[in-house]
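Undergrad: Got a structure for you, questions after.
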Amino acid sequence: MTRRATRSRSGRSRARPAWRAVSIGVPLAFLLMFFVYPVVMIMGRSLAPHGHLDLGAIGDVLGDGYYRHVAWFTLWQAVLSTLLTLLIGLPVAYVLARYDFPGKHALRAALIVPFVLPTLVVGSAFLAVLGPTGPLRSLGIAQGLAPILLAHVFFNVAVVVRTVGGMWSHLDPRMEEAARVLGASRTRAFREVTWPILRPAIASAASIVFLFTFTSFGVILVLGGARHATLEVEIYRQATELFDLRVAAVLSLLQLTAVIAAIGWFGRRERRTPALRLRAADETARRPANRAQWFEVLAVLTPVVVFLATPVVVLVARSFATSGGPSLGFYRALGSTHRASSAFPPPIDAVRNSLVIALGTTLIAVVVGGLAALAITGSRRGTPERLLDHSLMLPLGVSAVTIGFGFLVALDRGVLDLRTSPLILPIAHALIAIPFVVRVAVPMLRSIDPKLRDAAAVLGAPPARVWREIDLPIVARAFLVAAGFAFAISLGEFGATAFLARPDFPTLPIEIQRLLGLPGASNFGQAMAASTILMIITGVAVFTIDRFRVGTSASF
Amino acid sequence: MLEVGDLRVEYGGVVAIDGVSLGIERGEIVSVLGPSGSGKSTLLRAVAGLEPLTAGRVSWDGADLAGVPTHQRGFGLMFQDHALFPHRDVLGNVAFGLRMPGRRAERRPSEIESRSREVLASTGLAGYEHRNVYELSGGEQQRVALARALAPNPRLLMLDEPLGSLDRLLRERLVQQLRELFTELGATVLAVTHDHEEAFALADRVVIMREGGIEDVGRADELWRRPATRFAAEFLGFENRVDATVVDGIAASPWGPVAASSLPDGPAVVMARAGGFRLDDAAALRGEVTGRLFRRDHFLLRIATGHGAIEVAVDPGDVPPAGSLVGVALRDGAGLAFPQA
């Protein structure tokens, strides 16, 4: 053994060139083939549709009032959604950070449920509540801007509560008290002390919510109706219904530019106040001391809990509400084909399809993402590793619709003609899932204290044994959690799938969308039943994830 | 002056303060001393208006402060761990209270700045105005926190473990400087601590708290020499104890007679500090030296007598070796008698 090898900090010889090539090369190749190439093709379609640079297409689109309106609508529904989510989420974050009460932890865990629900499930749930047969149909907001905003807030409250709330619960309340003793009223103390310190966390939450709502697809499609379209929906319509790929490409480019601009704008506001002395979360929370404080807690939490629970409850209830009273009628109907359409498989097949695709996705995402995570957290931290780290986050900024569209446009030639391959959906889903896989696995892998390896080595364990005893348990856990994430993401994916799924091989979200589009109570009921099934499967996957996670604090 | 009457504070089912009454005159420095959980921090917070009262009242110059919110009380509070604002520099922290609308009208910015600089200078931090607070050492942070509390000229200054986070040598030096500063300013001060030396060095009067109530109170030097209860005595270092019997106001103990005029006839306990004994070959009490501990300016001898082991402080000059037989006498007035249990 050379001296350099013995001095290697961790005792692993991960820096072997063959391993490096594989662990960096495979993810990068995957990214290049399935992300960069399609995106370049999209740009090609929009900037050079006939082989040479021609900005005419862009001019046509931007000059058209309709598309400008779509772009404008996309922007301001996202802004409105973000503001509303902050308005509702911040008081909840405050109450959960500052007060301790029975059931608080269960509530915090339950708050994340809306966030992980597939978009089609949420769309169905809101239709169930606000639609022509729902308990709130008298409000008359079954479709349009109002239900879109409500659904967006429903999804994203968890982001604000977790991100801002996490930071808030670690802030020392004595700073605010010091300000109050010095003469600041409660509002002034908040303004002068707490707000400036919370601002970066709020900017971070706002940026996430904005990006999610800007690129929102399933919700808009289901709840927006014919009159409201965002860029995402318009790309979809242009590509799959009107077959105008050129316009779709230009819109994709516009979308990409807007997302990059937004990330840049928010990024500047996320700079953190340095070296805050943070307190442990359970030290800063106190039981409400008097009636007024209990009132504060209940006044904030009750409406929010009702708001978040109602759509889910109504959805499940409607799935059992057959015309003859509560029964499993709709669930049974899922098992048979619709009378008139022999071309469509029974909806229950979609469950099997979704599970199969999710398994495929998980396999690909864990292998590719896992390799990347191991490379990033390995003992060598050179330029290739850093390049990998940053470029793997790119697919997050690009919407699922763009990815699906990109596949459609790019993967149509020769070796890469995957349009009819059963692999296309797992690959597309994996592309979306890999950033999450990496983001989840990296902190867990990093949590292995190198001193533990040193201790094991001193106690006599050879390098392979050290790896088995110290690294493997954590690595195995990290991969389990990442697999759960990939599985859940694939189950609920709709944006890319809408482009790429074949009619005879639908996934569950696709099937739900189809059922929602058909008239009649039976079809609607079946959509509710299918949504409930999807919700349960997703819930099980997410619940399993949470059991195994090694804690990190404020990030997801 | 500050008056606290029959104060009771409960939260979360716990009684933190149980019937505390206390008065502080203008210009007086009072220390509240007690172990953790005795309720002393809660007392400060209740006076500042940060804790709601379950019963009792807090008043200043006769005016009841119930219903007066924290930011209008005109008190100063220096927190344990300082609670400095990380997003403002030193001058920004110190000037904070001066920028708030208070009982005095808002000042002009130039006045605010000059007053802040003045206060910083008086705490020895001239030149620190634009430093970041998180870059400062513990002692410097403590002084910024002090300057911040002093700048708006509070009518009562409260300190919560003011020297808690500092190392011992720094503590001893700073407590002296603090007392000098407070005396010079004529400040009315209520300081809370668990550290004996800090409490007695700083204050004119000391209050001992225990489990939410006041155990004993008195002028610093008097309380130190003659604590009124057994708990207070144990807390203040009366570690040696021996059983005794009281007859006609005198407690007869193996260490000698001790005055006990307030006790009824019967069994009692006599207590003394290590420094309350001296070695005396002619003394009746004799014992064997079983251990010696070096304590910088004295030696602590562990001596086994026929009535239990005692600890005696001895000057470093002439220390008997372990195993030797010595005579021990109780100094005049050093023994205190208390009821049994």
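Ordering of the structure tokens sets the chain letters (A, B, ...), residue numbers begin anew at 1 in every chain, and ligands are numbered from 1 in the order given.
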When you get a sec, could you note down which chain A residues fall within 9 Å of chain B, using only C-alpha atoms, as an MDAnalysis selection string?
TA: chainID A and resid 172:186 188 193 196:197 273:277 286:290
Undergrad: Ala259 in chain B: which residues within 8 Å, counting only C-alpha atoms, same-chain residues fewer than 4 positions away excluded, as a PyMOL selection string?
TA: chain B and resi 249-251+336-337
Undergrad: Report as a PyMOL selection string: the residues of range 471-545 of chain A with a DSSP assignment of helix (DSSP H, G or I), based on the backbone of this structure.
TA: chain A and resi 471-492+495-500+508-517+521-545
Undergrad: I'd like the neighbourhood of range 87-98 of chain A as number ranges by chain, where a residue qualifies if any of its atoms comes within 7 Å (using only C-alpha atoms), though same-chain residues fewer than 4 positions away should be ignored.
TA: A: 83, 157, 160-161, 164-165, 168-169, 284-286, 297, 300-301
Undergrad: Which residues come within 6 Å of Val328 in chain B, counting only C-alpha atoms, excluding same-chain residues fewer than 2 positions away, as a ChimeraX atom specification?
TA: /B:278-280,283,285
Undergrad: Please dump the current selection as a compact mmCIF listing (two decimals), in the first residue's frame; keep C-alpha atoms.
TA:
# COMPACT_ATOMS: atom_id res chain seq x y z
CA ARG B 278 -9.24 27.62 63.05
CA LEU B 279 -6.57 25.20 64.18
CA ASP B 280 -5.93 25.47 67.89
CA ALA B 283 -9.06 23.27 71.67
CA LEU B 285 -12.33 19.24 69.66
Undergrad: Select from range 55-293 of chain B everything DSSP, run on the backbone, classes as strand (DSSP E), then give the selection as a PDB file with N, CA and C atoms, in the first residue's frame.
TA:
ATOM      1  N   ALA B  55     -51.480  36.047  39.742  1.00  0.00           N
ATOM      2  CA  ALA B  55     -52.023  36.830  40.865  1.00  0.00           C
ATOM      3  C   ALA B  55     -50.955  37.801  41.338  1.00  0.00           C
ATOM      4  N   GLY B  56     -51.367  38.805  42.101  1.00  0.00           N
ATOM      5  CA  GLY B  56     -50.407  39.754  42.657  1.00  0.00           C
ATOM      6  C   GLY B  56     -50.244  40.963  41.765  1.00  0.00           C
ATOM      7  N   ARG B  57     -49.343  41.867  42.187  1.00  0.00           N
ATOM      8  CA  ARG B  57     -49.161  43.045  41.339  1.00  0.00           C
ATOM      9  C   ARG B  57     -47.723  43.516  41.304  1.00  0.00           C
ATOM     10  N   VAL B  58     -47.430  44.202  40.222  1.00  0.00           N
ATOM     11  CA  VAL B  58     -46.138  44.846  40.050  1.00  0.00           C
ATOM     12  C   VAL B  58     -46.424  46.335  39.879  1.00  0.00           C
ATOM     13  N   SER B  59     -45.760  47.166  40.698  1.00  0.00           N
ATOM     14  CA  SER B  59     -46.026  48.601  40.524  1.00  0.00           C
ATOM     15  C   SER B  59     -44.737  49.405  40.618  1.00  0.00           C
ATOM     16  N   TRP B  60     -44.742  50.563  40.007  1.00  0.00           N
ATOM     17  CA  TRP B  60     -43.595  51.461  40.031  1.00  0.00           C
ATOM     18  C   TRP B  60     -44.057  52.796  40.570  1.00  0.00           C
ATOM     19  N   ALA B  63     -47.740  53.216  40.999  1.00  0.00           N
ATOM     20  CA  ALA B  63     -48.667  53.005  39.875  1.00  0.00           C
ATOM     21  C   ALA B  63     -48.635  51.555  39.435  1.00  0.00           C
ATOM     22  N   ASP B  64     -49.797  50.896  39.446  1.00  0.00           N
ATOM     23  CA  ASP B  64     -49.890  49.491  39.065  1.00  0.00           C
ATOM     24  C   ASP B  64     -49.563  49.333  37.582  1.00  0.00           C
ATOM     25  N   PHE B  75     -38.441  49.872  31.356  1.00  0.00           N
ATOM     26  CA  PHE B  75     -37.426  49.106  32.071  1.00  0.00           C
ATOM     27  C   PHE B  75     -36.377  48.637  31.085  1.00  0.00           C
ATOM     28  N   GLY B  76     -35.223  48.224  31.604  1.00  0.00           N
ATOM     29  CA  GLY B  76     -34.205  47.639  30.742  1.00  0.00           C
ATOM     30  C   GLY B  76     -34.006  46.193  31.147  1.00  0.00           C
ATOM     31  N   LEU B  77     -33.726  45.319  30.180  1.00  0.00           N
ATOM     32  CA  LEU B  77     -33.495  43.918  30.512  1.00  0.00           C
ATOM     33  C   LEU B  77     -32.314  43.403  29.707  1.00  0.00           C
ATOM     34  N   MET B  78     -31.308  42.947  30.437  1.00  0.00           N
ATOM     35  CA  MET B  78     -30.167  42.361  29.746  1.00  0.00           C
ATOM     36  C   MET B  78     -30.280  40.851  29.844  1.00  0.00           C
ATOM     37  N   LEU B 156     -35.477  51.172  35.600  1.00  0.00           N
ATOM     38  CA  LEU B 156     -35.027  49.981  36.334  1.00  0.00           C
ATOM     39  C   LEU B 156     -34.249  49.131  35.350  1.00  0.00           C
ATOM     40  N   LEU B 157     -33.066  48.703  35.738  1.00  0.00           N
ATOM     41  CA  LEU B 157     -32.285  47.841  34.861  1.00  0.00           C
ATOM     42  C   LEU B 157     -32.294  46.433  35.430  1.00  0.00           C
ATOM     43  N   MET B 158     -32.714  45.466  34.625  1.00  0.00           N
ATOM     44  CA  MET B 158     -32.732  44.075  35.087  1.00  0.00           C
ATOM     45  C   MET B 158     -31.685  43.273  34.328  1.00  0.00           C
ATOM     46  N   LEU B 159     -30.988  42.407  35.042  1.00  0.00           N
ATOM     47  CA  LEU B 159     -29.942  41.604  34.421  1.00  0.00           C
ATOM     48  C   LEU B 159     -30.207  40.131  34.684  1.00  0.00           C
ATOM     49  N   ASP B 160     -30.208  39.313  33.637  1.00  0.00           N
ATOM     50  CA  ASP B 160     -30.433  37.885  33.800  1.00  0.00           C
ATOM     51  C   ASP B 160     -29.115  37.158  33.587  1.00  0.00           C
ATOM     52  N   VAL B 189     -31.067  48.628  40.079  1.00  0.00           N
ATOM     53  CA  VAL B 189     -30.716  47.396  39.383  1.00  0.00           C
ATOM     54  C   VAL B 189     -31.303  46.182  40.083  1.00  0.00           C
ATOM     55  N   LEU B 190     -31.871  45.263  39.285  1.00  0.00           N
ATOM     56  CA  LEU B 190     -32.317  43.960  39.798  1.00  0.00           C
ATOM     57  C   LEU B 190     -31.583  42.908  38.987  1.00  0.00           C
ATOM     58  N   ALA B 191     -30.670  42.197  39.626  1.00  0.00           N
ATOM     59  CA  ALA B 191     -29.860  41.221  38.897  1.00  0.00           C
ATOM     60  C   ALA B 191     -30.164  39.827  39.418  1.00  0.00           C
ATOM     61  N   VAL B 192     -30.211  38.874  38.508  1.00  0.00           N
ATOM     62  CA  VAL B 192     -30.577  37.510  38.870  1.00  0.00           C
ATOM     63  C   VAL B 192     -29.400  36.601  38.529  1.00  0.00           C
ATOM     64  N   THR B 193     -29.042  35.704  39.422  1.00  0.00           N
ATOM     65  CA  THR B 193     -27.897  34.851  39.134  1.00  0.00           C
ATOM     66  C   THR B 193     -27.925  33.596  39.982  1.00  0.00           C
ATOM     67  N   ARG B 205     -28.209  44.615  48.362  1.00  0.00           N
ATOM     68  CA  ARG B 205     -29.057  43.660  49.076  1.00  0.00           C
ATOM     69  C   ARG B 205     -29.167  42.388  48.270  1.00  0.00           C
ATOM     70  N   VAL B 206     -29.255  41.271  48.977  1.00  0.00           N
ATOM     71  CA  VAL B 206     -29.355  39.984  48.288  1.00  0.00           C
ATOM     72  C   VAL B 206     -30.639  39.283  48.704  1.00  0.00           C
ATOM     73  N   VAL B 207     -31.320  38.690  47.718  1.00  0.00           N
ATOM     74  CA  VAL B 207     -32.525  37.909  47.980  1.00  0.00           C
ATOM     75  C   VAL B 207     -32.219  36.472  47.581  1.00  0.00           C
ATOM     76  N   ILE B 208     -32.536  35.533  48.447  1.00  0.00           N
ATOM     77  CA  ILE B 208     -32.328  34.131  48.064  1.00  0.00           C
ATOM     78  C   ILE B 208     -33.676  33.525  47.736  1.00  0.00           C
ATOM     79  N   MET B 209     -33.804  32.963  46.536  1.00  0.00           N
ATOM     80  CA  MET B 209     -35.058  32.355  46.116  1.00  0.00           C
ATOM     81  C   MET B 209     -34.927  30.841  46.069  1.00  0.00           C
ATOM     82  N   ARG B 210     -36.055  30.192  46.333  1.00  0.00           N
ATOM     83  CA  ARG B 210     -36.049  28.737  46.305  1.00  0.00           C
ATOM     84  C   ARG B 210     -37.429  28.255  45.915  1.00  0.00           C
ATOM     85  N   GLY B 213     -40.281  30.764  45.783  1.00  0.00           N
ATOM     86  CA  GLY B 213     -40.544  31.687  46.889  1.00  0.00           C
ATOM     87  C   GLY B 213     -39.254  32.290  47.422  1.00  0.00           C
ATOM     88  N   ILE B 214     -39.395  33.307  48.260  1.00  0.00           N
ATOM     89  CA  ILE B 214     -38.210  33.946  48.843  1.00  0.00           C
ATOM     90  C   ILE B 214     -37.826  33.212  50.126  1.00  0.00           C
ATOM     91  N   GLU B 215     -36.582  32.768  50.146  1.00  0.00           N
ATOM     92  CA  GLU B 215     -36.084  32.016  51.307  1.00  0.00           C
ATOM     93  C   GLU B 215     -35.528  32.973  52.368  1.00  0.00           C
ATOM     94  N   ASP B 216     -34.795  33.970  51.898  1.00  0.00           N
ATOM     95  CA  ASP B 216     -34.141  34.879  52.846  1.00  0.00           C
ATOM     96  C   ASP B 216     -33.773  36.162  52.101  1.00  0.00           C
ATOM     97  N   VAL B 217     -33.666  37.269  52.839  1.00  0.00           N
ATOM     98  CA  VAL B 217     -33.280  38.528  52.182  1.00  0.00           C
ATOM     99  C   VAL B 217     -32.561  39.396  53.196  1.00  0.00           C
ATOM    100  N   GLY B 218     -31.577  40.145  52.723  1.00  0.00           N
ATOM    101  CA  GLY B 218     -30.889  41.023  53.672  1.00  0.00           C
ATOM    102  C   GLY B 218     -29.751  41.779  53.008  1.00  0.00           C
ATOM    103  N   ARG B 219     -29.130  42.669  53.744  1.00  0.00           N
ATOM    104  CA  ARG B 219     -27.970  43.394  53.237  1.00  0.00           C
ATOM    105  C   ARG B 219     -26.892  42.374  52.914  1.00  0.00           C
ATOM    106  N   ASN B 240     -20.427  22.471  56.810  1.00  0.00           N
ATOM    107  CA  ASN B 240     -20.206  21.606  57.970  1.00  0.00           C
ATOM    108  C   ASN B 240     -21.424  21.655  58.867  1.00  0.00           C
ATOM    109  N   ARG B 241     -21.878  20.485  59.314  1.00  0.00           N
ATOM    110  CA  ARG B 241     -23.026  20.485  60.223  1.00  0.00           C
ATOM    111  C   ARG B 241     -22.860  19.403  61.269  1.00  0.00           C
ATOM    112  N   VAL B 242     -23.436  19.679  62.413  1.00  0.00           N
ATOM    113  CA  VAL B 242     -23.343  18.712  63.501  1.00  0.00           C
ATOM    114  C   VAL B 242     -24.582  18.864  64.383  1.00  0.00           C
ATOM    115  N   ASP B 243     -24.993  17.767  64.995  1.00  0.00           N
ATOM    116  CA  ASP B 243     -26.184  17.830  65.836  1.00  0.00           C
ATOM    117  C   ASP B 243     -25.859  18.515  67.156  1.00  0.00           C
ATOM    118  N   ALA B 244     -26.861  19.197  67.683  1.00  0.00           N
ATOM    119  CA  ALA B 244     -26.651  19.904  68.953  1.00  0.00           C
ATOM    120  C   ALA B 244     -27.941  19.898  69.749  1.00  0.00           C
ATOM    121  N   THR B 245     -27.870  20.376  70.976  1.00  0.00           N
ATOM    122  CA  THR B 245     -29.065  20.484  71.814  1.00  0.00           C
ATOM    123  C   THR B 245     -29.160  21.887  72.389  1.00  0.00           C
ATOM    124  N   VAL B 246     -30.359  22.455  72.250  1.00  0.00           N
ATOM    125  CA  VAL B 246     -30.540  23.828  72.736  1.00  0.00           C
ATOM    126  C   VAL B 246     -31.098  23.797  74.158  1.00  0.00           C
ATOM    127  N   VAL B 247     -30.436  24.564  75.025  1.00  0.00           N
ATOM    128  CA  VAL B 247     -30.944  24.737  76.407  1.00  0.00           C
ATOM    129  C   VAL B 247     -30.854  26.212  76.740  1.00  0.00           C
ATOM    130  N   ILE B 250     -29.033  28.563  74.261  1.00  0.00           N
ATOM    131  CA  ILE B 250     -27.664  28.273  73.816  1.00  0.00           C
ATOM    132  C   ILE B 250     -27.660  26.854  73.246  1.00  0.00           C
ATOM    133  N   ALA B 251     -27.101  26.685  72.048  1.00  0.00           N
ATOM    134  CA  ALA B 251     -26.995  25.347  71.469  1.00  0.00           C
ATOM    135  C   ALA B 251     -25.658  24.763  71.878  1.00  0.00           C
ATOM    136  N   ALA B 252     -25.724  23.612  72.587  1.00  0.00           N
ATOM    137  CA  ALA B 252     -24.479  22.957  72.982  1.00  0.00           C
ATOM    138  C   ALA B 252     -24.106  21.953  71.909  1.00  0.00           C
ATOM    139  N   SER B 253     -22.942  22.154  71.306  1.00  0.00           N
ATOM    140  CA  SER B 253     -22.524  21.269  70.213  1.00  0.00           C
ATOM    141  C   SER B 253     -21.112  20.777  70.485  1.00  0.00           C
ATOM    142  N   GLY B 256     -18.557  23.398  70.339  1.00  0.00           N
ATOM    143  CA  GLY B 256     -18.588  24.478  71.322  1.00  0.00           C
ATOM    144  C   GLY B 256     -19.986  25.067  71.386  1.00  0.00           C
ATOM    145  N   PRO B 257     -20.194  26.024  72.299  1.00  0.00           N
ATOM    146  CA  PRO B 257     -21.533  26.630  72.412  1.00  0.00           C
ATOM    147  C   PRO B 257     -21.772  27.632  71.297  1.00  0.00           C
ATOM    148  N   VAL B 258     -23.013  27.674  70.819  1.00  0.00           N
ATOM    149  CA  VAL B 258     -23.398  28.597  69.754  1.00  0.00           C
ATOM    150  C   VAL B 258     -24.692  29.275  70.171  1.00  0.00           C
ATOM    151  N   ALA B 259     -24.789  30.597  69.963  1.00  0.00           N
ATOM    152  CA  ALA B 259     -26.000  31.338  70.329  1.00  0.00           C
ATOM    153  C   ALA B 259     -27.192  30.838  69.522  1.00  0.00           C
ATOM    154  N   GLY B 266     -34.334  21.903  72.871  1.00  0.00           N
ATOM    155  CA  GLY B 266     -34.510  20.636  72.169  1.00  0.00           C
ATOM    156  C   GLY B 266     -33.418  20.437  71.130  1.00  0.00           C
ATOM    157  N   PRO B 267     -33.592  19.443  70.271  1.00  0.00           N
ATOM    158  CA  PRO B 267     -32.549  19.155  69.282  1.00  0.00           C
ATOM    159  C   PRO B 267     -32.425  20.272  68.250  1.00  0.00           C
ATOM    160  N   ALA B 268     -31.211  20.482  67.741  1.00  0.00           N
ATOM    161  CA  ALA B 268     -30.949  21.510  66.733  1.00  0.00           C
ATOM    162  C   ALA B 268     -29.767  21.072  65.890  1.00  0.00           C
ATOM    163  N   VAL B 269     -29.485  21.860  64.862  1.00  0.00           N
ATOM    164  CA  VAL B 269     -28.332  21.607  64.001  1.00  0.00           C
ATOM    165  C   VAL B 269     -27.448  22.831  64.022  1.00  0.00           C
ATOM    166  N   VAL B 270     -26.168  22.629  64.192  1.00  0.00           N
ATOM    167  CA  VAL B 270     -25.237  23.751  64.135  1.00  0.00           C
ATOM    168  C   VAL B 270     -24.430  23.631  62.857  1.00  0.00           C
ATOM    169  N   MET B 271     -24.294  24.764  62.146  1.00  0.00           N
ATOM    170  CA  MET B 271     -23.579  24.743  60.867  1.00  0.00           C
ATOM    171  C   MET B 271     -22.489  25.788  60.853  1.00  0.00           C
ATOM    172  N   ALA B 272     -21.424  25.501  60.073  1.00  0.00           N
ATOM    173  CA  ALA B 272     -20.339  26.471  59.950  1.00  0.00           C
ATOM    174  C   ALA B 272     -19.644  26.304  58.607  1.00  0.00           C
ATOM    175  N   PHE B 277     -13.679  27.850  61.101  1.00  0.00           N
ATOM    176  CA  PHE B 277     -12.864  27.132  62.081  1.00  0.00           C
ATOM    177  C   PHE B 277     -11.426  27.659  62.015  1.00  0.00           C
ATOM    178  N   ARG B 278     -10.698  27.446  63.127  1.00  0.00           N
ATOM    179  CA  ARG B 278      -9.241  27.623  63.047  1.00  0.00           C
ATOM    180  C   ARG B 278      -8.573  26.502  63.839  1.00  0.00           C
ATOM    181  N   LEU B 279      -7.307  26.240  63.467  1.00  0.00           N
ATOM    182  CA  LEU B 279      -6.565  25.198  64.183  1.00  0.00           C
ATOM    183  C   LEU B 279      -6.094  25.766  65.526  1.00  0.00           C
ATOM    184  N   LEU B 285     -11.986  20.099  70.793  1.00  0.00           N
ATOM    185  CA  LEU B 285     -12.329  19.241  69.664  1.00  0.00           C
ATOM    186  C   LEU B 285     -11.042  18.807  68.963  1.00  0.00           C
ATOM    187  N   ARG B 286     -10.866  17.504  68.785  1.00  0.00           N
ATOM    188  CA  ARG B 286      -9.650  17.039  68.142  1.00  0.00           C
ATOM    189  C   ARG B 286      -9.995  16.075  67.010  1.00  0.00           C
ATOM    190  N   GLY B 287      -9.123  15.985  66.041  1.00  0.00           N
ATOM    191  CA  GLY B 287      -9.391  15.079  64.937  1.00  0.00           C
ATOM    192  C   GLY B 287      -8.139  14.798  64.131  1.00  0.00           C
ATOM    193  N   GLU B 288      -8.254  13.920  63.144  1.00  0.00           N
ATOM    194  CA  GLU B 288      -7.120  13.541  62.301  1.00  0.00           C
ATOM    195  C   GLU B 288      -7.319  14.085  60.900  1.00  0.00           C
ATOM    196  N   VAL B 289      -6.232  14.636  60.364  1.00  0.00           N
ATOM    197  CA  VAL B 289      -6.287  15.164  58.998  1.00  0.00           C
ATOM    198  C   VAL B 289      -6.325  14.002  58.015  1.00  0.00           C
ATOM    199  N   THR B 290      -7.440  13.874  57.268  1.00  0.00           N
ATOM    200  CA  THR B 290      -7.523  12.754  56.326  1.00  0.00           C
ATOM    201  C   THR B 290      -7.345  13.200  54.876  1.00  0.00           C
ATOM    202  N   GLY B 291      -7.323  14.531  54.630  1.00  0.00           N
ATOM    203  CA  GLY B 291      -7.122  14.956  53.241  1.00  0.00           C
ATOM    204  C   GLY B 291      -6.800  16.428  53.165  1.00  0.00           C
ATOM    205  N   ARG B 292      -6.079  16.844  52.106  1.00  0.00           N
ATOM    206  CA  ARG B 292      -5.752  18.241  51.906  1.00  0.00           C
ATOM    207  C   ARG B 292      -6.037  18.623  50.464  1.00  0.00           C
ATOM    208  N   LEU B 293      -6.676  19.779  50.260  1.00  0.00           N
ATOM    209  CA  LEU B 293      -6.988  20.245  48.912  1.00  0.00           C
ATOM    210  C   LEU B 293      -6.458  21.661  48.762  1.00  0.00           C
TER     211      LEU B 293
END
Undergrad: Please, what distance in Å, to one decimal, runs between CA of Val440 in chain A and CA of Gly378 in chain A?
TA: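 Going from CA of Val440 in chain A over to CA of Gly378 in chain A covers 15.6 Å.
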Undergrad: Mind checking which residues fall within 12 Å of Leu32 in chain A, counting only C-alpha atoms, ignoring those fewer than 5 positions away in the same chain, and posting them as a ChimeraX atom specification?
TA: /A:25-27,37-40,388,391-392,394-395,431
Undergrad: Using only C-alpha atoms, determine which residues lie at most 7 Å from range 396-398 of chain A, disregarding the query and same-chain residues fewer than 3 positions distant; provide the list as a list of chain:residue names.
TA: A:Leu256, A:Val259, A:Met393, A:Thr402, A:Ile432, A:Pro435
Undergrad: Looking at only C-alpha atoms, which of B:Val90, B:Leu22, B:Ala147, B:Ala274 is the one that sits closest to Ile310 in chain B?
TA: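 The shortest atom-to-atom distance to Ile310 in chain B comes from B:Ala274.
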Undergrad: Taking 5 positions as the minimum chain separation for residues in the same chain, which residues sit within 10 Å of range 67-78 of chain A when counting only C-alpha atoms? Answer as a ChimeraX atom specification.
TA: /A:60-62,83-84,145-146,148-149,152,209-216,228-234,247,251,254-255,258
Undergrad: Please indicate the distance in Å from CA of Thr187 in chain A to CA of Leu146 in chain B, rounded to one decimal place.
TA: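 CA of Leu146 in chain B lies at a distance of 24.2 Å from CA of Thr187 in chain A.
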Undergrad: CA of Ile220 in chain A and CA of Arg237 in chain A are how many Å apart?
TA: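 For CA of Ile220 in chain A relative to CA of Arg237 in chain A, the distance reads 12.4 Å.
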